[in-house]
Amino acid sequence: MIVASRCSGGRSSMDFLSRTRWWTVTLAAAWAVNAQAQSKTDAPEIAKAKYLWSQSPHGRMLERILPPAIEPHQLPEPQSAGARLALRYCVQCHYLPNPQMHSADKWQTIVERMNWRMQGKGNMGALMKDMMTGVEAPSAEELATLTDYLQKHGQQAIDPKHPALATSAGQMFSIACSQCHTLPDPQRHTAREWPGVVQRMRKHMSWANIVVGASELRTTPELNTREIIGLLQRYARRDAAKRPMPLTGK
């Protein structure tokens, strides 16, 4: 009986190990198929960037700079030279940025700073140079075209004297949203659209590990999402104009 028990126990252990190996192989295969399918749906430039990130010791950090918030076909004038340059150069270091992340007056200095970093001359010395290995920087002509494109489609920032900013909810709005992008004018969306936009921004902020409206974070003031939405709805666009492009994160 003792011998039989030991044999039975041995068979159980072998069965368990076999099942574990089977699940491991199955899950690994499923992950590989999903990754391959995802790479096929990406634009070639994005697929190439993701591959390079996977090979770089700094890849995980680069991947988290911006959330994957906009696809190439969602860019304004997606077939223009400026859009193609954004796709070619910007995705080398992070996900594609929405031109409406920043206002026109901000884009000039941001593009200059990004170009400096692409040349490995950023503010992290040898580390920046190492991070930018294999990264191409645009020519002067391309840089001018890219800057013009981003400025043309930049965010319409809220007027600093807007009455909404003088309220407690306005302060929350300013703190929360300015972490990632220029503060948008509330009339950019209708009252019906704003809740969905804000919830999308919360997901982007969580993805990027940026402060979101949660009481446990104990921010001062607490970034109350409901109050922010109410503020934006109060000053939202009221006409039936064409809906603008969705606002992205950072």
# chains A, B, ... in the order shown; residues from 1 in each chain; ligands from 1
>>> residues_around(residues="stretch 188-196 of chain A", least_positions_apart="6", cutoff="7 Å", atoms="only C-alpha atoms", output="PDB file with all heavy atoms, in the first residue's frame")
ATOM      1  N   ILE A 229     -15.432  67.871 -14.398  1.00  0.00           N
ATOM      2  CA  ILE A 229     -16.384  67.671 -15.500  1.00  0.00           C
ATOM      3  C   ILE A 229     -17.492  68.709 -15.450  1.00  0.00           C
ATOM      4  O   ILE A 229     -17.883  69.292 -16.471  1.00  0.00           O
ATOM      5  CB  ILE A 229     -16.975  66.243 -15.447  1.00  0.00           C
ATOM      6  CG1 ILE A 229     -15.899  65.208 -15.776  1.00  0.00           C
ATOM      7  CG2 ILE A 229     -18.157  66.118 -16.419  1.00  0.00           C
ATOM      8  CD1 ILE A 229     -16.358  63.772 -15.620  1.00  0.00           C
ATOM      9  N   LEU A 232     -16.223  72.021 -16.814  1.00  0.00           N
ATOM     10  CA  LEU A 232     -16.061  72.004 -18.261  1.00  0.00           C
ATOM     11  C   LEU A 232     -17.416  72.029 -18.968  1.00  0.00           C
ATOM     12  O   LEU A 232     -17.572  72.686 -20.004  1.00  0.00           O
ATOM     13  CB  LEU A 232     -15.262  70.763 -18.670  1.00  0.00           C
ATOM     14  CG  LEU A 232     -13.790  70.759 -18.214  1.00  0.00           C
ATOM     15  CD1 LEU A 232     -13.165  69.392 -18.424  1.00  0.00           C
ATOM     16  CD2 LEU A 232     -12.988  71.829 -18.933  1.00  0.00           C
ATOM     17  N   GLN A 233     -18.389  71.340 -18.403  1.00  0.00           N
ATOM     18  CA  GLN A 233     -19.724  71.343 -18.999  1.00  0.00           C
ATOM     19  C   GLN A 233     -20.389  72.721 -18.889  1.00  0.00           C
ATOM     20  O   GLN A 233     -21.121  73.140 -19.778  1.00  0.00           O
ATOM     21  CB  GLN A 233     -20.597  70.275 -18.337  1.00  0.00           C
ATOM     22  CG  GLN A 233     -20.186  68.852 -18.689  1.00  0.00           C
ATOM     23  CD  GLN A 233     -21.046  67.822 -18.002  1.00  0.00           C
ATOM     24  OE1 GLN A 233     -21.376  67.959 -16.823  1.00  0.00           O
ATOM     25  NE2 GLN A 233     -21.432  66.779 -18.722  1.00  0.00           N
ATOM     26  N   ALA A 236     -18.880  74.731 -21.670  1.00  0.00           N
ATOM     27  CA  ALA A 236     -18.685  73.966 -22.906  1.00  0.00           C
ATOM     28  C   ALA A 236     -19.287  74.645 -24.125  1.00  0.00           C
ATOM     29  O   ALA A 236     -20.110  75.561 -24.014  1.00  0.00           O
ATOM     30  CB  ALA A 236     -19.292  72.581 -22.747  1.00  0.00           C
ATOM     31  N   ARG A 237     -18.880  74.164 -25.274  1.00  0.00           N
ATOM     32  CA  ARG A 237     -19.442  74.643 -26.530  1.00  0.00           C
ATOM     33  C   ARG A 237     -20.907  74.224 -26.630  1.00  0.00           C
ATOM     34  O   ARG A 237     -21.268  73.096 -26.308  1.00  0.00           O
ATOM     35  CB  ARG A 237     -18.662  74.032 -27.703  1.00  0.00           C
ATOM     36  CG  ARG A 237     -19.041  74.589 -29.062  1.00  0.00           C
ATOM     37  CD  ARG A 237     -18.222  73.970 -30.183  1.00  0.00           C
ATOM     38  NE  ARG A 237     -18.633  72.613 -30.482  1.00  0.00           N
ATOM     39  CZ  ARG A 237     -17.857  71.549 -30.313  1.00  0.00           C
ATOM     40  NH1 ARG A 237     -16.638  71.678 -29.831  1.00  0.00           N
ATOM     41  NH2 ARG A 237     -18.293  70.346 -30.621  1.00  0.00           N
ATOM     42  N   ARG A 238     -21.744  75.124 -27.062  1.00  0.00           N
ATOM     43  CA  ARG A 238     -23.180  74.854 -27.069  1.00  0.00           C
ATOM     44  C   ARG A 238     -23.777  74.709 -28.466  1.00  0.00           C
ATOM     45  O   ARG A 238     -24.944  74.367 -28.591  1.00  0.00           O
ATOM     46  CB  ARG A 238     -23.929  75.966 -26.327  1.00  0.00           C
ATOM     47  CG  ARG A 238     -23.468  76.114 -24.882  1.00  0.00           C
ATOM     48  CD  ARG A 238     -24.256  77.171 -24.139  1.00  0.00           C
ATOM     49  NE  ARG A 238     -23.718  77.400 -22.817  1.00  0.00           N
ATOM     50  CZ  ARG A 238     -23.930  76.614 -21.765  1.00  0.00           C
ATOM     51  NH1 ARG A 238     -24.703  75.550 -21.895  1.00  0.00           N
ATOM     52  NH2 ARG A 238     -23.387  76.882 -20.597  1.00  0.00           N
TER      53      ARG A 238
END
>>> residues_around(residues="A:Tyr89", least_positions_apart="2", cutoff="9 Å", atoms="only C-alpha atoms", output="MDAnalysis selection string")
chainID A and resid 45 84:87 91:93 118 135:138
>>> write_last_selection(atoms="all heavy atoms", output="CSV table (one decimal), in the first residue's frame")
chain,number,residue,atom,x,y,z
A,45,GLU,N,6.6,52.5,-39.1
A,45,GLU,CA,7.4,53.3,-38.2
A,45,GLU,C,7.2,53.0,-36.7
A,45,GLU,O,8.2,52.9,-36.0
A,45,GLU,CB,7.2,54.8,-38.4
A,45,GLU,CG,7.5,55.3,-39.8
A,45,GLU,CD,6.4,55.2,-40.8
A,45,GLU,OE1,5.4,54.5,-40.5
A,45,GLU,OE2,6.5,55.7,-41.9
A,84,ARG,N,3.7,63.1,-41.7
A,84,ARG,CA,4.6,62.0,-42.0
A,84,ARG,C,5.9,62.2,-41.2
A,84,ARG,O,6.5,61.2,-40.8
A,84,ARG,CB,4.9,62.0,-43.5
A,84,ARG,CG,3.7,61.6,-44.3
A,84,ARG,CD,4.1,61.1,-45.7
A,84,ARG,NE,4.8,62.1,-46.4
A,84,ARG,CZ,4.2,63.0,-47.2
A,84,ARG,NH1,2.9,63.0,-47.4
A,84,ARG,NH2,4.9,63.9,-47.9
A,85,LEU,N,6.4,63.5,-41.1
A,85,LEU,CA,7.6,63.7,-40.3
A,85,LEU,C,7.4,63.4,-38.8
A,85,LEU,O,8.3,62.8,-38.2
A,85,LEU,CB,8.1,65.1,-40.5
A,85,LEU,CG,8.6,65.5,-41.9
A,85,LEU,CD1,8.8,67.0,-42.0
A,85,LEU,CD2,9.9,64.7,-42.1
A,86,ALA,N,6.2,63.7,-38.3
A,86,ALA,CA,5.9,63.4,-36.9
A,86,ALA,C,6.0,61.9,-36.7
A,86,ALA,O,6.5,61.4,-35.7
A,86,ALA,CB,4.6,63.9,-36.5
A,87,LEU,N,5.4,61.2,-37.6
A,87,LEU,CA,5.4,59.7,-37.5
A,87,LEU,C,6.8,59.1,-37.7
A,87,LEU,O,7.2,58.2,-37.0
A,87,LEU,CB,4.5,59.1,-38.6
A,87,LEU,CG,4.3,57.6,-38.6
A,87,LEU,CD1,3.8,57.1,-37.3
A,87,LEU,CD2,3.4,57.2,-39.8
A,91,VAL,N,8.1,59.0,-33.1
A,91,VAL,CA,7.9,57.7,-32.5
A,91,VAL,C,9.2,56.9,-32.3
A,91,VAL,O,9.2,55.8,-31.7
A,91,VAL,CB,7.0,56.8,-33.4
A,91,VAL,CG1,5.6,57.5,-33.5
A,91,VAL,CG2,7.6,56.5,-34.8
A,92,GLN,N,10.3,57.5,-32.6
A,92,GLN,CA,11.6,56.8,-32.3
A,92,GLN,C,11.8,56.8,-30.8
A,92,GLN,O,12.5,55.8,-30.3
A,92,GLN,CB,12.8,57.6,-32.9
A,92,GLN,CG,12.8,57.6,-34.4
A,92,GLN,CD,14.0,58.3,-35.0
A,92,GLN,OE1,15.0,57.8,-35.4
A,92,GLN,NE2,13.9,59.7,-34.9
A,93,CYS,N,11.3,57.7,-30.1
A,93,CYS,CA,11.5,57.8,-28.6
A,93,CYS,C,10.3,57.6,-27.8
A,93,CYS,O,10.4,57.4,-26.6
A,93,CYS,CB,12.1,59.2,-28.3
A,93,CYS,SG,13.7,59.6,-29.2
A,118,MET,N,17.5,64.1,-29.7
A,118,MET,CA,17.7,63.1,-30.8
A,118,MET,C,19.1,63.1,-31.2
A,118,MET,O,19.6,62.0,-31.7
A,118,MET,CB,16.7,63.4,-31.9
A,118,MET,CG,15.3,63.0,-31.7
A,118,MET,SD,14.2,63.0,-33.2
A,118,MET,CE,13.9,64.8,-33.3
A,135,VAL,N,19.0,56.6,-33.2
A,135,VAL,CA,17.9,57.5,-33.5
A,135,VAL,C,18.3,58.6,-34.5
A,135,VAL,O,19.4,59.1,-34.4
A,135,VAL,CB,17.5,58.2,-32.2
A,135,VAL,CG1,16.5,59.4,-32.4
A,135,VAL,CG2,16.8,57.2,-31.2
A,136,GLU,N,17.5,58.8,-35.5
A,136,GLU,CA,17.8,59.9,-36.5
A,136,GLU,C,17.2,61.2,-36.1
A,136,GLU,O,16.1,61.3,-35.6
A,136,GLU,CB,17.2,59.4,-37.8
A,136,GLU,CG,17.8,58.2,-38.5
A,136,GLU,CD,17.2,58.0,-39.8
A,136,GLU,OE1,17.5,58.7,-40.8
A,136,GLU,OE2,16.3,57.1,-39.9
A,137,ALA,N,17.9,62.3,-36.4
A,137,ALA,CA,17.4,63.6,-36.2
A,137,ALA,C,17.0,64.2,-37.5
A,137,ALA,O,17.6,63.9,-38.5
A,137,ALA,CB,18.4,64.5,-35.5
A,138,PRO,N,16.0,65.1,-37.6
A,138,PRO,CA,15.6,65.7,-38.8
A,138,PRO,C,16.5,66.7,-39.3
A,138,PRO,O,17.3,67.3,-38.5
A,138,PRO,CB,14.2,66.3,-38.5
A,138,PRO,CG,14.3,66.6,-37.0
A,138,PRO,CD,15.1,65.4,-36.4
>>> residues_around(residues="A:Ser139", least_positions_apart="4", cutoff="12 Å", atoms="only C-alpha atoms", output="number ranges by chain")
A: 85, 89, 112, 115-116, 118-119, 143-146
>>> write_last_selection(atoms="N, CA, C and O atoms", output="short mmCIF file (atom, residue, chain, number, x, y, z; two decimals), in the first residue's frame")
data_model
loop_
_atom_site.label_atom_id
_atom_site.label_comp_id
_atom_site.auth_asym_id
_atom_site.auth_seq_id
_atom_site.Cartn_x
_atom_site.Cartn_y
_atom_site.Cartn_z
N LEU A 85 6.37 63.46 -41.06
CA LEU A 85 7.60 63.69 -40.30
C LEU A 85 7.40 63.38 -38.82
O LEU A 85 8.30 62.85 -38.16
N TYR A 89 9.86 60.70 -37.05
CA TYR A 89 10.85 61.05 -36.05
C TYR A 89 10.37 60.92 -34.60
O TYR A 89 11.11 60.45 -33.74
N GLU A 112 12.55 72.10 -30.63
CA GLU A 112 13.99 72.34 -30.54
C GLU A 112 14.63 71.45 -29.48
O GLU A 112 15.72 70.90 -29.68
N ASN A 115 14.74 67.82 -30.75
CA ASN A 115 15.79 67.68 -31.76
C ASN A 115 17.16 67.59 -31.11
O ASN A 115 18.01 66.78 -31.50
N TRP A 116 17.37 68.41 -30.10
CA TRP A 116 18.63 68.38 -29.35
C TRP A 116 18.84 67.01 -28.72
O TRP A 116 19.94 66.46 -28.75
N MET A 118 17.46 64.14 -29.71
CA MET A 118 17.66 63.12 -30.75
C MET A 118 19.11 63.06 -31.21
O MET A 118 19.58 62.03 -31.68
N GLN A 119 19.81 64.17 -31.06
CA GLN A 119 21.23 64.21 -31.41
C GLN A 119 22.11 63.72 -30.27
O GLN A 119 23.33 63.75 -30.36
N LEU A 143 12.82 69.93 -39.91
CA LEU A 143 12.48 70.47 -38.60
C LEU A 143 11.52 71.65 -38.74
O LEU A 143 10.56 71.77 -37.97
N ALA A 144 11.76 72.50 -39.72
CA ALA A 144 10.90 73.65 -39.96
C ALA A 144 9.49 73.20 -40.38
O ALA A 144 8.49 73.74 -39.91
N THR A 145 9.43 72.19 -41.24
CA THR A 145 8.14 71.66 -41.70
C THR A 145 7.36 71.04 -40.55
O THR A 145 6.15 71.25 -40.40
N LEU A 146 8.07 70.27 -39.72
CA LEU A 146 7.44 69.62 -38.58
C LEU A 146 6.91 70.65 -37.58
O LEU A 146 5.79 70.54 -37.08
#
>>> select_by_dssp(residues="stretch 38-249 of chain A", states="alpha helix (DSSP H)", output="VMD selection string")
chain A and resid 38 to 41 44 to 55 59 to 63 81 to 89 104 to 118 126 to 131 140 to 152 168 to 177 194 to 207 225 to 234
>>> residues_around(residues="A:Met131", least_positions_apart="6", cutoff="9 Å", atoms="only C-alpha atoms", output="JSON, numbers by chain")
{"A": [56, 57, 58, 59, 62, 93, 120]}
>>> write_last_selection(atoms="N, CA and C atoms", output="mmCIF file, in the first residue's frame")
data_model
loop_
_atom_site.group_PDB
_atom_site.id
_atom_site.type_symbol
_atom_site.label_atom_id
_atom_site.label_comp_id
_atom_site.auth_asym_id
_atom_site.auth_seq_id
_atom_site.Cartn_x
_atom_site.Cartn_y
_atom_site.Cartn_z
ATOM 1 N N SER A 56 16.344 47.689 -26.430
ATOM 2 C CA SER A 56 17.108 48.687 -25.684
ATOM 3 C C SER A 56 16.935 48.524 -24.174
ATOM 4 N N PRO A 57 18.008 48.689 -23.396
ATOM 5 C CA PRO A 57 17.868 48.647 -21.938
ATOM 6 C C PRO A 57 17.032 49.810 -21.403
ATOM 7 N N HIS A 58 16.826 50.824 -22.244
ATOM 8 C CA HIS A 58 16.030 51.987 -21.846
ATOM 9 C C HIS A 58 14.621 51.935 -22.443
ATOM 10 N N GLY A 59 14.306 50.832 -23.124
ATOM 11 C CA GLY A 59 13.048 50.738 -23.842
ATOM 12 C C GLY A 59 11.815 50.941 -22.989
ATOM 13 N N LEU A 62 11.364 54.631 -22.294
ATOM 14 C CA LEU A 62 10.926 55.366 -23.467
ATOM 15 C C LEU A 62 9.453 55.096 -23.753
ATOM 16 N N CYS A 93 11.274 57.729 -30.069
ATOM 17 C CA CYS A 93 11.541 57.838 -28.632
ATOM 18 C C CYS A 93 10.302 57.632 -27.758
ATOM 19 N N GLY A 120 21.471 63.253 -29.182
ATOM 20 C CA GLY A 120 22.215 62.737 -28.038
ATOM 21 C C GLY A 120 22.845 63.816 -27.192
#
>>> closest_residue(among="A:Pro184, A:Gly154, A:Pro44, A:Pro163", to="A:His102", atoms="only C-alpha atoms")
A:Gly154
>>> closest_residue(among="A:Ala140, A:Met128, A:Leu223, A:Met201", to="A:Gln171", atoms="only C-alpha atoms")
A:Leu223
>>> residues_around(residues="A:Pro72", least_positions_apart="4", cutoff="8 Å", atoms="only C-alpha atoms", output="JSON, numbers by chain")
{"A": [43, 78, 83, 87, 96]}
>>> atom_distance(atom1="atom CA of A:Ser174", atom2="atom CA of A:Arg60")
28.9 Å
>>> atom_distance(atom1="atom CA of A:Met172", atom2="atom CA of A:Leu231")
9.9 Å
